[in-house]
Amino acid sequence: MALLSKANQEALVGPLNLNNPVVVQVLGICSALAVTAQLEPAIVMGLSVTIITAFSNLIISLIRNSIPNRIRIIVQLVVVAALVTIVSQVLKAFAYDVSVQLSVYVGLIITNCILMGRLEAFAMMNKPWPSFLDGIGNGIGYAIILIIVGFVRELLGAGTLLGFQIIPDWCYEHGYVNNGMMTMPAMSLIIVGCVIWAHRAYNKELQ
Amino acid sequence: MNSLRKYFDKIKPNFEEGGKLHAFRSLYDGFETFAFVPNTTAGRCGTHVHDAIDSKRIMSLVVIALVPALLFGMYNVGYQNALAAGQLENATFWGMFFYGFLAVLPKLIVSYVVGLGIEFTVAQWKHEEIQEGFLVSGIIIPMIVPVNTPLWMLAIAVAFSVIFAKEIFGGTGMNIFNVALITRAFLFFSYPSSMTGDDTVWVSQDVICGLGYAVPDTFSAATPLGDIAAGATALSSSFCDQVVGLIPGSIGETSVIAIALGACLLLWTGVASWKTMLSVFVGGGLTGWMYNALGLSPLDACQHIVLGGFCFGAVFMATDPVTSARTEGGKWIYGFLIGFVAVTVRVLNPGYPEGMMLAILLMNLFAPLIDYCFVSHNISKRAQRAIKK
């Protein structure tokens, strides 16, 4: 079997566009609202979820035939929790500031609907390699949306990107004021709505 | 009038299918139906109500009812400017009025151009008839913001609320929230330093076209409610000034008398519901009396009603037929809770000196639920009556 056969490509690329976990399946919205006030935590969150989805898919897929059906959710949770703990510790060790900003949301990745959805719907009935690709695809699909929302919110809410000032002082001197509502979670819901709007307007078959 | 009709008829072919100005069909349609009652009505058969008044005529009535408050607001802008500059004895009535007129006019223009521009574009794009809902919102929006709100902020807020509070819900008549209040809420949460507080947002401080007076930079004026929220126990303005409206505040909200004139017109023509209006005042009055008796608020019930945006909200915004409760019993509860929440926010939340905007938006959200309860109660009552017989 080729490593990137048609089905595997679909597992990897599908979640980026037509099967996107956030804008099409509308999963993982809570963390998209919570951590996107700035771009940096949004990127870190997207990467963390990508890694955790990919490896939990891989591990569950490897042991899928030996998991008793009645306790499969518990087994999945244990695997996810172990991975979340590893990621959380790594963040604390190497990116302490960001892990403080993300606070409980790294721990809450364990309750992210995308993870359980992929484990239940894909990893339990597919081989390890496609499951791994599916995990990476879904994680990146989630990360893209987070980065778009974080980009808009940080640019309009604070006038910066990744902490660097983008909007010049000249604008502030002439009366420009940062939009305080962009730093509130309510606005990220509206931005996600706009992304969904644009995405569906472009992809007519989703309407 | 006849020549206007002839002119409309003459230019009409340009806008029809294949005409050279077809792209502006909705614009033409909007102005034609605004100027003249359309001569097409529902069929003679069936159960249609035939009435000369359509929603454009109702909107025009509300706009006329708003005019006294708008004119007084313009005068008050000039009055506050002269007062702040210490030049009140030198200022003339017309000088102050034209100063305020020039200060308010750009806001009115920005509000209408942005809002109607979006409405016309959407109507043209969706091949729908032009919708008239923005006629009223467009005049209310400049009246509920402080006079020093920058025009670009106003433009962004109007665009945001027309798109997100109205068009995505399906346009005029479909919106859940009052569009003008969403504009104000957007400004309030996005740019709090330009919308509230005791610094310089409430009084215009520059000379406009040679009129008015420059006010020293150190000047600051708060609204009476702002003073109270900051911990004052007595008001600096007299009750008479508060009723007449010569106090700092959003442009159109200060004068109880001017608003009362508009309220009379709305009630006389039956455009606004007297039940909603009355119950807002009852709710606000009772709640204000309660907090005053409990010692939580230094203001008595009367002052709670005449200060801030209470009257303006009760008369022009709580009675909005689209977003308020529609069942007759529901109107009482809807209005009462608006009054209750508005005064409660004022008294219990020191961060928000004024609660009318939040109260009306909150109850807009609950209006469908109130209606649902009343309708299902009615249905079960009638069902029981049928079963007994």
# chains A, B, ... in the order shown; residues from 1 in each chain; ligands from 1

call {"tool": "residues_around", "arguments": {"residues": "A:Leu155", "least_positions_apart": "2", "cutoff": "12 Å", "atoms": "only C-alpha atoms", "output": "JSON list (two decimals) with C-alpha atoms, in the first residue's frame"}}
result
[["chain", "number", "residue", "atom", "x", "y", "z"],
["A", 36, "THR", "CA", -7.49, 33.36, 20.37],
["A", 37, "ALA", "CA", -7.24, 36.85, 21.86],
["A", 38, "GLN", "CA", -3.62, 36.82, 20.71],
["A", 39, "LEU", "CA", -1.87, 35.05, 17.87],
["A", 147, "ILE", "CA", -4.72, 31.26, 13.59],
["A", 148, "ILE", "CA", -7.16, 33.20, 11.38],
["A", 149, "VAL", "CA", -9.25, 34.20, 14.41],
["A", 150, "GLY", "CA", -6.18, 35.01, 16.50],
["A", 151, "PHE", "CA", -4.73, 37.09, 13.66],
["A", 152, "VAL", "CA", -7.85, 39.25, 13.31],
["A", 153, "ARG", "CA", -8.39, 39.60, 17.04],
["A", 157, "GLY", "CA", -7.87, 44.39, 19.38],
["A", 158, "ALA", "CA", -4.30, 45.28, 20.31],
["A", 159, "GLY", "CA", -2.76, 46.58, 17.07],
["A", 160, "THR", "CA", 0.01, 43.99, 17.31],
["A", 161, "LEU", "CA", 0.90, 40.58, 15.85],
["A", 162, "LEU", "CA", 2.92, 38.11, 17.94],
["A", 163, "GLY", "CA", 3.61, 41.04, 20.25],
["A", 164, "PHE", "CA", 5.07, 43.34, 17.57],
["A", 165, "GLN", "CA", 3.25, 46.57, 16.91],
["A", 166, "ILE", "CA", 1.74, 46.54, 13.41],
["A", 167, "ILE", "CA", -0.54, 49.58, 13.35],
["A", 168, "PRO", "CA", 1.79, 52.60, 13.22],
["A", 177, "VAL", "CA", -8.43, 53.48, 18.88],
["A", 178, "ASN", "CA", -8.03, 49.73, 19.29],
["A", 179, "ASN", "CA", -11.31, 47.85, 19.28],
["A", 180, "GLY", "CA", -11.80, 46.61, 22.85],
["A", 182, "MET", "CA", -12.05, 42.17, 19.81],
["A", 183, "THR", "CA", -10.38, 41.10, 23.03]]

call {"tool": "residues_around", "arguments": {"residues": "stretch 96-100 of chain A", "least_positions_apart": "2", "cutoff": "12 Å", "atoms": "only C-alpha atoms", "output": "PyMOL selection string"}}
result
chain A and resi 35+38-45+48+87-94+102-107+162

call {"tool": "write_last_selection", "arguments": {"atoms": "C-alpha atoms", "output": "PDB file, in the first residue's frame"}}
result
ATOM      1  CA  VAL A  35      -7.356  31.194  23.489  1.00  0.00           C
ATOM      2  CA  GLN A  38      -3.616  36.817  20.709  1.00  0.00           C
ATOM      3  CA  LEU A  39      -1.875  35.049  17.871  1.00  0.00           C
ATOM      4  CA  GLU A  40       0.886  33.297  19.813  1.00  0.00           C
ATOM      5  CA  PRO A  41      -1.297  31.210  22.147  1.00  0.00           C
ATOM      6  CA  ALA A  42      -3.507  30.401  19.167  1.00  0.00           C
ATOM      7  CA  ILE A  43      -0.550  28.953  17.261  1.00  0.00           C
ATOM      8  CA  VAL A  44       0.689  27.004  20.278  1.00  0.00           C
ATOM      9  CA  MET A  45      -2.782  25.677  20.965  1.00  0.00           C
ATOM     10  CA  SER A  48      -0.603  21.066  20.705  1.00  0.00           C
ATOM     11  CA  VAL A  87       2.340  18.302  26.127  1.00  0.00           C
ATOM     12  CA  SER A  88       1.403  20.398  29.139  1.00  0.00           C
ATOM     13  CA  GLN A  89       4.667  19.547  30.918  1.00  0.00           C
ATOM     14  CA  VAL A  90       6.718  20.257  27.791  1.00  0.00           C
ATOM     15  CA  LEU A  91       5.020  23.650  27.433  1.00  0.00           C
ATOM     16  CA  LYS A  92       5.701  24.472  31.061  1.00  0.00           C
ATOM     17  CA  ALA A  93       9.343  23.528  30.630  1.00  0.00           C
ATOM     18  CA  PHE A  94      10.091  25.276  27.344  1.00  0.00           C
ATOM     19  CA  LEU A 102      -3.217  29.128  27.904  1.00  0.00           C
ATOM     20  CA  SER A 103      -3.786  28.212  31.568  1.00  0.00           C
ATOM     21  CA  VAL A 104      -6.425  25.509  31.896  1.00  0.00           C
ATOM     22  CA  TYR A 105      -7.081  25.237  28.181  1.00  0.00           C
ATOM     23  CA  VAL A 106      -4.162  22.892  27.594  1.00  0.00           C
ATOM     24  CA  GLY A 107      -5.574  20.548  30.215  1.00  0.00           C
ATOM     25  CA  LEU A 162       2.916  38.111  17.939  1.00  0.00           C
TER      26      LEU A 162
END

call {"tool": "closest_atom_pairs", "arguments": {"of": "stretch 153-225 of chain B", "to": "stretch 85-105 of chain B", "cutoff": "8 Å", "atoms": "only C-alpha atoms", "output": "JSON lines"}}
result
{"residue": "B:Ser204", "atom": "CA", "partner": "B:Ala103", "partner_atom": "CA", "distance": 7.9}
{"residue": "B:Ile208", "atom": "CA", "partner": "B:Tyr99", "partner_atom": "CA", "distance": 6.7}
{"residue": "B:Leu211", "atom": "CA", "partner": "B:Tyr99", "partner_atom": "CA", "distance": 5.6}
{"residue": "B:Gly212", "atom": "CA", "partner": "B:Tyr99", "partner_atom": "CA", "distance": 5.9}
{"residue": "B:Tyr213", "atom": "CA", "partner": "B:Ala85", "partner_atom": "CA", "distance": 6.2}
{"residue": "B:Ala214", "atom": "CA", "partner": "B:Ala85", "partner_atom": "CA", "distance": 6.7}
{"residue": "B:Val215", "atom": "CA", "partner": "B:Ala85", "partner_atom": "CA", "distance": 5.0}
{"residue": "B:Pro216", "atom": "CA", "partner": "B:Ala85", "partner_atom": "CA", "distance": 7.4}

call {"tool": "residues_around", "arguments": {"residues": "A:Ser56", "least_positions_apart": "6", "cutoff": "10 Å", "atoms": "only C-alpha atoms", "output": "VMD selection string"}}
result
chain A and resid 62 76 to 84 115 to 116 118 to 119 123 131 to 132 135

call {"tool": "write_last_selection", "arguments": {"atoms": "C-alpha atoms", "output": "short mmCIF file (atom, residue, chain, number, x, y, z; two decimals), in the first residue's frame"}}
result
data_model
loop_
_atom_site.label_atom_id
_atom_site.label_comp_id
_atom_site.auth_asym_id
_atom_site.auth_seq_id
_atom_site.Cartn_x
_atom_site.Cartn_y
_atom_site.Cartn_z
CA LEU A 62 -2.62 0.32 17.09
CA GLN A 76 -9.37 6.51 24.84
CA LEU A 77 -9.50 9.02 27.66
CA VAL A 78 -6.48 7.48 29.37
CA VAL A 79 -4.44 7.70 26.19
CA VAL A 80 -5.52 11.29 25.52
CA ALA A 81 -4.92 12.31 29.13
CA ALA A 82 -1.42 10.89 29.06
CA LEU A 83 -0.58 12.79 25.89
CA VAL A 84 -2.14 16.02 27.21
CA LEU A 115 -10.24 14.41 19.69
CA MET A 116 -12.98 12.07 20.84
CA ARG A 118 -11.69 11.38 15.52
CA LEU A 119 -10.93 8.49 17.88
CA ALA A 123 -9.06 5.51 14.67
CA SER A 131 -5.29 7.31 11.46
CA PHE A 132 -2.08 9.23 12.04
CA GLY A 135 -5.11 13.19 13.18
#

call {"tool": "select_by_dssp", "arguments": {"residues": "stretch 41-205 of chain A", "states": "strand (DSSP E or B)", "output": "ChimeraX atom specification"}}
result
/A:160-161,164-165

call {"tool": "write_last_selection", "arguments": {"atoms": "C-alpha atoms", "output": "PDB file, in the first residue's frame"}}
result
ATOM      1  CA  THR A 160       0.012  43.989  17.311  1.00  0.00           C
ATOM      2  CA  LEU A 161       0.902  40.579  15.853  1.00  0.00           C
ATOM      3  CA  PHE A 164       5.069  43.340  17.573  1.00  0.00           C
ATOM      4  CA  GLN A 165       3.252  46.571  16.905  1.00  0.00           C
TER       5      GLN A 165
END

call {"tool": "closest_residue", "arguments": {"among": "A:Arg70, A:His199, A:Lys204, A:His174", "to": "chain B", "atoms": "only C-alpha atoms"}}
result
A:His174

call {"tool": "closest_residue", "arguments": {"among": "B:Ser194, B:Thr121, B:Thr327, B:Gln303", "to": "chain A", "atoms": "only C-alpha atoms"}}
result
B:Ser194

call {"tool": "atom_distance", "arguments": {"atom1": "atom CA of B:Ile141", "atom2": "atom CA of B:Lys107"}}
result
8.5 Å

call {"tool": "residues_around", "arguments": {"residues": "stretch 281-288 of chain B", "least_positions_apart": "5", "cutoff": "9 Å", "atoms": "only C-alpha atoms", "output": "ChimeraX atom specification"}}
result
/B:276,293,297,299-305,310-311,314,335-344,347

call {"tool": "write_last_selection", "arguments": {"atoms": "C-alpha atoms", "output": "short mmCIF file (atom, residue, chain, number, x, y, z; two decimals), in the first residue's frame"}}
result
data_model
loop_
_atom_site.label_atom_id
_atom_site.label_comp_id
_atom_site.auth_asym_id
_atom_site.auth_seq_id
_atom_site.Cartn_x
_atom_site.Cartn_y
_atom_site.Cartn_z
CA THR B 276 -45.23 48.62 26.81
CA ALA B 293 -36.21 53.05 50.32
CA SER B 297 -29.47 54.64 45.71
CA LEU B 299 -31.92 58.98 43.60
CA ASP B 300 -35.65 58.74 44.10
CA ALA B 301 -38.05 57.14 41.64
CA CYS B 302 -38.76 60.38 39.73
CA GLN B 303 -35.08 61.10 39.20
CA HIS B 304 -34.42 57.57 38.00
CA ILE B 305 -37.08 58.09 35.36
CA PHE B 310 -34.72 56.00 30.48
CA CYS B 311 -37.45 58.07 28.80
CA ALA B 314 -39.03 53.61 27.03
CA GLY B 335 -41.96 46.51 29.71
CA PHE B 336 -41.92 46.00 33.46
CA LEU B 337 -38.75 43.91 33.30
CA ILE B 338 -37.02 46.52 31.12
CA GLY B 339 -37.67 49.16 33.78
CA PHE B 340 -36.59 46.80 36.52
CA VAL B 341 -33.35 45.70 34.86
CA ALA B 342 -32.42 49.24 33.77
CA VAL B 343 -32.64 50.67 37.28
CA THR B 344 -31.05 47.58 38.81
CA VAL B 347 -27.84 50.95 41.14
#

call {"tool": "select_by_dssp", "arguments": {"residues": "stretch 52-104 of chain B", "states": "helix (DSSP H, G or I)", "output": "PDB file with C-alpha atoms, in the first residue's frame"}}
result
ATOM      1  CA  SER B  55     -44.439  50.261   6.951  1.00  0.00           C
ATOM      2  CA  LYS B  56     -42.756  53.223   5.218  1.00  0.00           C
ATOM      3  CA  ARG B  57     -45.573  55.484   6.455  1.00  0.00           C
ATOM      4  CA  ILE B  58     -45.240  54.088   9.996  1.00  0.00           C
ATOM      5  CA  MET B  59     -41.492  54.652   9.894  1.00  0.00           C
ATOM      6  CA  SER B  60     -42.041  58.239   8.772  1.00  0.00           C
ATOM      7  CA  LEU B  61     -44.354  58.833  11.739  1.00  0.00           C
ATOM      8  CA  VAL B  62     -41.695  57.608  14.152  1.00  0.00           C
ATOM      9  CA  VAL B  63     -39.116  59.851  12.479  1.00  0.00           C
ATOM     10  CA  ILE B  64     -41.473  62.833  12.915  1.00  0.00           C
ATOM     11  CA  ALA B  65     -41.958  61.878  16.565  1.00  0.00           C
ATOM     12  CA  LEU B  66     -38.181  61.885  17.023  1.00  0.00           C
ATOM     13  CA  VAL B  67     -37.720  65.371  15.579  1.00  0.00           C
ATOM     14  CA  PRO B  68     -38.510  67.384  18.770  1.00  0.00           C
ATOM     15  CA  ALA B  69     -35.941  65.412  20.755  1.00  0.00           C
ATOM     16  CA  LEU B  70     -33.395  65.791  17.951  1.00  0.00           C
ATOM     17  CA  LEU B  71     -33.899  69.561  17.674  1.00  0.00           C
ATOM     18  CA  PHE B  72     -33.692  70.000  21.415  1.00  0.00           C
ATOM     19  CA  GLY B  73     -30.589  67.799  21.461  1.00  0.00           C
ATOM     20  CA  MET B  74     -28.947  70.131  18.942  1.00  0.00           C
ATOM     21  CA  TYR B  75     -29.780  73.136  21.089  1.00  0.00           C
ATOM     22  CA  ASN B  76     -28.473  71.383  24.191  1.00  0.00           C
ATOM     23  CA  VAL B  77     -25.153  70.603  22.486  1.00  0.00           C
ATOM     24  CA  GLY B  78     -24.664  74.328  21.919  1.00  0.00           C
ATOM     25  CA  TYR B  79     -25.908  75.168  25.407  1.00  0.00           C
ATOM     26  CA  GLN B  80     -23.491  72.747  27.079  1.00  0.00           C
ATOM     27  CA  ASN B  81     -20.630  74.105  24.989  1.00  0.00           C
ATOM     28  CA  ALA B  82     -21.405  77.693  25.998  1.00  0.00           C
ATOM     29  CA  LEU B  83     -21.891  76.663  29.613  1.00  0.00           C
ATOM     30  CA  ALA B  84     -18.554  74.837  29.714  1.00  0.00           C
ATOM     31  CA  ALA B  85     -16.768  77.823  28.183  1.00  0.00           C
ATOM     32  CA  PHE B  93     -30.401  80.974  21.123  1.00  0.00           C
ATOM     33  CA  TRP B  94     -29.804  80.629  17.391  1.00  0.00           C
ATOM     34  CA  GLY B  95     -26.046  80.659  17.835  1.00  0.00           C
ATOM     35  CA  MET B  96     -26.254  77.713  20.225  1.00  0.00           C
ATOM     36  CA  PHE B  97     -28.768  75.900  18.042  1.00  0.00           C
ATOM     37  CA  PHE B  98     -26.714  76.215  14.861  1.00  0.00           C
ATOM     38  CA  TYR B  99     -23.595  75.172  16.720  1.00  0.00           C
ATOM     39  CA  GLY B 100     -25.382  72.006  17.826  1.00  0.00           C
ATOM     40  CA  PHE B 101     -26.854  71.542  14.360  1.00  0.00           C
ATOM     41  CA  LEU B 102     -23.388  71.610  12.817  1.00  0.00           C
ATOM     42  CA  ALA B 103     -22.090  69.220  15.488  1.00  0.00           C
ATOM     43  CA  VAL B 104     -24.886  66.678  14.999  1.00  0.00           C
TER      44      VAL B 104
END

call {"tool": "residues_around", "arguments": {"residues": "stretch 138-146 of chain A", "least_positions_apart": "6", "cutoff": "8 Å", "atoms": "only C-alpha atoms", "output": "JSON, numbers by chain"}}
result
{"A": [12, 15, 16, 17, 20, 21, 22, 23, 28, 32, 36, 42, 43, 45, 46, 47, 49, 50, 51, 53, 54, 114, 192]}

call {"tool": "residues_around", "arguments": {"residues": "stretch 5-10 of chain A", "least_positions_apart": "5", "cutoff": "8 Å", "atoms": "only C-alpha atoms", "output": "mmCIF file with N, CA and C atoms, in the first residue's frame"}}
result
data_model
loop_
_atom_site.group_PDB
_atom_site.id
_atom_site.type_symbol
_atom_site.label_atom_id
_atom_site.label_comp_id
_atom_site.auth_asym_id
_atom_site.auth_seq_id
_atom_site.Cartn_x
_atom_site.Cartn_y
_atom_site.Cartn_z
ATOM 1 N N PRO A 130 -3.169 5.595 8.196
ATOM 2 C CA PRO A 130 -4.244 6.555 7.858
ATOM 3 C C PRO A 130 -4.751 7.299 9.090
ATOM 4 N N LEU A 133 -2.425 10.158 9.805
ATOM 5 C CA LEU A 133 -2.616 11.258 8.853
ATOM 6 C C LEU A 133 -3.901 12.015 9.156
ATOM 7 N N ASP A 134 -4.951 11.246 9.488
ATOM 8 C CA ASP A 134 -6.232 11.875 9.809
ATOM 9 C C ASP A 134 -6.087 12.806 11.013
#

call {"tool": "closest_atom_pairs", "arguments": {"of": "chain B", "to": "chain A", "cutoff": "6 Å", "atoms": "only C-alpha atoms", "output": "JSON lines"}}
result
{"residue": "B:Phe189", "atom": "CA", "partner": "A:Met181", "partner_atom": "CA", "distance": 5.5}
{"residue": "B:Ser190", "atom": "CA", "partner": "A:Gly180", "partner_atom": "CA", "distance": 4.2}
{"residue": "B:Tyr191", "atom": "CA", "partner": "A:Gly180", "partner_atom": "CA", "distance": 6.0}

call {"tool": "atom_distance", "arguments": {"atom1": "atom CA of B:Glu132", "atom2": "atom CA of B:Glu16"}}
result
20.4 Å

call {"tool": "closest_residue", "arguments": {"among": "A:Ala201, A:Ile86, A:Val26, A:Val13", "to": "A:Ile52", "atoms": "only C-alpha atoms"}}
result
A:Ile86

call {"tool": "atom_distance", "arguments": {"atom1": "atom CA of B:Thr196", "atom2": "atom CA of B:Cys240"}}
result
24.0 Å

call {"tool": "residues_around", "arguments": {"residues": "B:Phe186", "least_positions_apart": "4", "cutoff": "12 Å", "atoms": "only C-alpha atoms", "output": "PDB file with N, CA and C atoms, in the first residue's frame"}}
result
ATOM      1  N   ASN A 179      -9.944  48.290  19.031  1.00  0.00           N
ATOM      2  CA  ASN A 179     -11.308  47.848  19.281  1.00  0.00           C
ATOM      3  C   ASN A 179     -11.326  46.909  20.486  1.00  0.00           C
ATOM      4  N   GLY A 180     -11.830  47.404  21.620  1.00  0.00           N
ATOM      5  CA  GLY A 180     -11.801  46.610  22.850  1.00  0.00           C
ATOM      6  C   GLY A 180     -12.643  45.354  22.765  1.00  0.00           C
ATOM      7  N   MET A 181     -13.660  45.375  21.924  1.00  0.00           N
ATOM      8  CA  MET A 181     -14.544  44.211  21.858  1.00  0.00           C
ATOM      9  C   MET A 181     -13.827  43.012  21.246  1.00  0.00           C
ATOM     10  N   MET A 182     -12.786  43.268  20.427  1.00  0.00           N
ATOM     11  CA  MET A 182     -12.052  42.167  19.807  1.00  0.00           C
ATOM     12  C   MET A 182     -11.353  41.314  20.860  1.00  0.00           C
ATOM     13  N   MET A 184     -12.668  40.466  23.611  1.00  0.00           N
ATOM     14  CA  MET A 184     -13.666  39.676  24.344  1.00  0.00           C
ATOM     15  C   MET A 184     -14.023  38.426  23.538  1.00  0.00           C
ATOM     16  N   ALA A 186     -16.791  37.133  22.879  1.00  0.00           N
ATOM     17  CA  ALA A 186     -17.972  37.265  22.023  1.00  0.00           C
ATOM     18  C   ALA A 186     -17.575  37.546  20.585  1.00  0.00           C
ATOM     19  N   MET A 187     -16.552  38.353  20.416  1.00  0.00           N
ATOM     20  CA  MET A 187     -16.178  38.747  19.063  1.00  0.00           C
ATOM     21  C   MET A 187     -15.585  37.587  18.284  1.00  0.00           C
TER      22      MET A 187
ATOM     23  N   ILE B 141     -29.715  56.500  15.884  1.00  0.00           N
ATOM     24  CA  ILE B 141     -28.308  56.231  16.227  1.00  0.00           C
ATOM     25  C   ILE B 141     -27.542  57.499  16.633  1.00  0.00           C
ATOM     26  N   VAL B 145     -25.753  58.572  21.030  1.00  0.00           N
ATOM     27  CA  VAL B 145     -24.307  58.536  21.286  1.00  0.00           C
ATOM     28  C   VAL B 145     -23.886  59.895  21.836  1.00  0.00           C
ATOM     29  N   MET B 153     -15.734  55.828  14.112  1.00  0.00           N
ATOM     30  CA  MET B 153     -16.270  54.805  15.026  1.00  0.00           C
ATOM     31  C   MET B 153     -17.742  54.582  14.737  1.00  0.00           C
ATOM     32  N   LEU B 154     -18.455  55.698  14.533  1.00  0.00           N
ATOM     33  CA  LEU B 154     -19.885  55.596  14.253  1.00  0.00           C
ATOM     34  C   LEU B 154     -20.106  54.780  12.975  1.00  0.00           C
ATOM     35  N   ALA B 155     -19.294  55.050  11.952  1.00  0.00           N
ATOM     36  CA  ALA B 155     -19.467  54.346  10.681  1.00  0.00           C
ATOM     37  C   ALA B 155     -19.244  52.844  10.865  1.00  0.00           C
ATOM     38  N   ILE B 156     -18.182  52.469  11.596  1.00  0.00           N
ATOM     39  CA  ILE B 156     -17.906  51.045  11.811  1.00  0.00           C
ATOM     40  C   ILE B 156     -19.053  50.399  12.582  1.00  0.00           C
ATOM     41  N   ALA B 157     -19.527  51.098  13.622  1.00  0.00           N
ATOM     42  CA  ALA B 157     -20.576  50.519  14.455  1.00  0.00           C
ATOM     43  C   ALA B 157     -21.870  50.350  13.665  1.00  0.00           C
ATOM     44  N   VAL B 158     -22.201  51.338  12.831  1.00  0.00           N
ATOM     45  CA  VAL B 158     -23.429  51.227  12.029  1.00  0.00           C
ATOM     46  C   VAL B 158     -23.308  50.052  11.058  1.00  0.00           C
ATOM     47  N   ALA B 159     -22.146  49.958  10.397  1.00  0.00           N
ATOM     48  CA  ALA B 159     -21.959  48.864   9.451  1.00  0.00           C
ATOM     49  C   ALA B 159     -22.075  47.520  10.170  1.00  0.00           C
ATOM     50  N   PHE B 160     -21.431  47.426  11.331  1.00  0.00           N
ATOM     51  CA  PHE B 160     -21.478  46.170  12.094  1.00  0.00           C
ATOM     52  C   PHE B 160     -22.919  45.807  12.434  1.00  0.00           C
ATOM     53  N   SER B 161     -23.665  46.769  12.958  1.00  0.00           N
ATOM     54  CA  SER B 161     -24.995  46.394  13.448  1.00  0.00           C
ATOM     55  C   SER B 161     -25.961  46.142  12.302  1.00  0.00           C
ATOM     56  N   VAL B 162     -25.828  46.884  11.195  1.00  0.00           N
ATOM     57  CA  VAL B 162     -26.751  46.604  10.084  1.00  0.00           C
ATOM     58  C   VAL B 162     -26.477  45.210   9.518  1.00  0.00           C
ATOM     59  N   PHE B 164     -24.704  42.566  11.104  1.00  0.00           N
ATOM     60  CA  PHE B 164     -24.779  41.431  12.023  1.00  0.00           C
ATOM     61  C   PHE B 164     -26.036  41.400  12.871  1.00  0.00           C
ATOM     62  N   ALA B 165     -26.698  42.557  13.051  1.00  0.00           N
ATOM     63  CA  ALA B 165     -27.925  42.509  13.842  1.00  0.00           C
ATOM     64  C   ALA B 165     -29.150  42.450  12.956  1.00  0.00           C
ATOM     65  N   VAL B 179     -31.627  47.438  16.240  1.00  0.00           N
ATOM     66  CA  VAL B 179     -30.402  47.726  15.482  1.00  0.00           C
ATOM     67  C   VAL B 179     -29.666  48.943  16.054  1.00  0.00           C
ATOM     68  N   ALA B 180     -30.420  49.982  16.413  1.00  0.00           N
ATOM     69  CA  ALA B 180     -29.764  51.187  16.933  1.00  0.00           C
ATOM     70  C   ALA B 180     -29.047  50.878  18.244  1.00  0.00           C
ATOM     71  N   LEU B 181     -29.662  50.047  19.077  1.00  0.00           N
ATOM     72  CA  LEU B 181     -29.017  49.732  20.348  1.00  0.00           C
ATOM     73  C   LEU B 181     -27.807  48.840  20.163  1.00  0.00           C
ATOM     74  N   ILE B 182     -27.830  47.969  19.157  1.00  0.00           N
ATOM     75  CA  ILE B 182     -26.635  47.166  18.882  1.00  0.00           C
ATOM     76  C   ILE B 182     -25.496  48.085  18.465  1.00  0.00           C
ATOM     77  N   SER B 190     -16.604  48.363  22.466  1.00  0.00           N
ATOM     78  CA  SER B 190     -15.376  48.433  21.679  1.00  0.00           C
ATOM     79  C   SER B 190     -14.517  49.619  22.078  1.00  0.00           C
ATOM     80  N   TYR B 191     -15.149  50.755  22.272  1.00  0.00           N
ATOM     81  CA  TYR B 191     -14.405  51.981  22.542  1.00  0.00           C
ATOM     82  C   TYR B 191     -14.926  52.618  23.819  1.00  0.00           C
ATOM     83  N   PRO B 192     -14.773  51.938  24.958  1.00  0.00           N
ATOM     84  CA  PRO B 192     -15.392  52.458  26.190  1.00  0.00           C
ATOM     85  C   PRO B 192     -14.921  53.867  26.547  1.00  0.00           C
ATOM     86  N   SER B 194     -14.414  56.321  24.698  1.00  0.00           N
ATOM     87  CA  SER B 194     -15.087  57.366  23.930  1.00  0.00           C
ATOM     88  C   SER B 194     -16.584  57.401  24.183  1.00  0.00           C
ATOM     89  N   MET B 195     -17.091  56.499  25.001  1.00  0.00           N
ATOM     90  CA  MET B 195     -18.536  56.382  25.131  1.00  0.00           C
ATOM     91  C   MET B 195     -19.040  56.656  26.538  1.00  0.00           C
ATOM     92  N   MET B 357     -29.746  50.639  27.916  1.00  0.00           N
ATOM     93  CA  MET B 357     -29.358  49.906  26.715  1.00  0.00           C
ATOM     94  C   MET B 357     -29.294  48.410  26.995  1.00  0.00           C
ATOM     95  N   LEU B 358     -28.614  48.051  28.098  1.00  0.00           N
ATOM     96  CA  LEU B 358     -28.464  46.632  28.408  1.00  0.00           C
ATOM     97  C   LEU B 358     -29.813  46.015  28.735  1.00  0.00           C
ATOM     98  N   LEU B 361     -31.786  45.437  25.445  1.00  0.00           N
ATOM     99  CA  LEU B 361     -31.210  44.342  24.658  1.00  0.00           C
ATOM    100  C   LEU B 361     -31.496  42.997  25.325  1.00  0.00           C
TER     101      LEU B 361
END

call {"tool": "closest_residue", "arguments": {"among": "B:Pro350, B:Gly252, B:Gly170, B:Gly245", "to": "B:Ala232", "atoms": "only C-alpha atoms"}}
result
B:Pro350
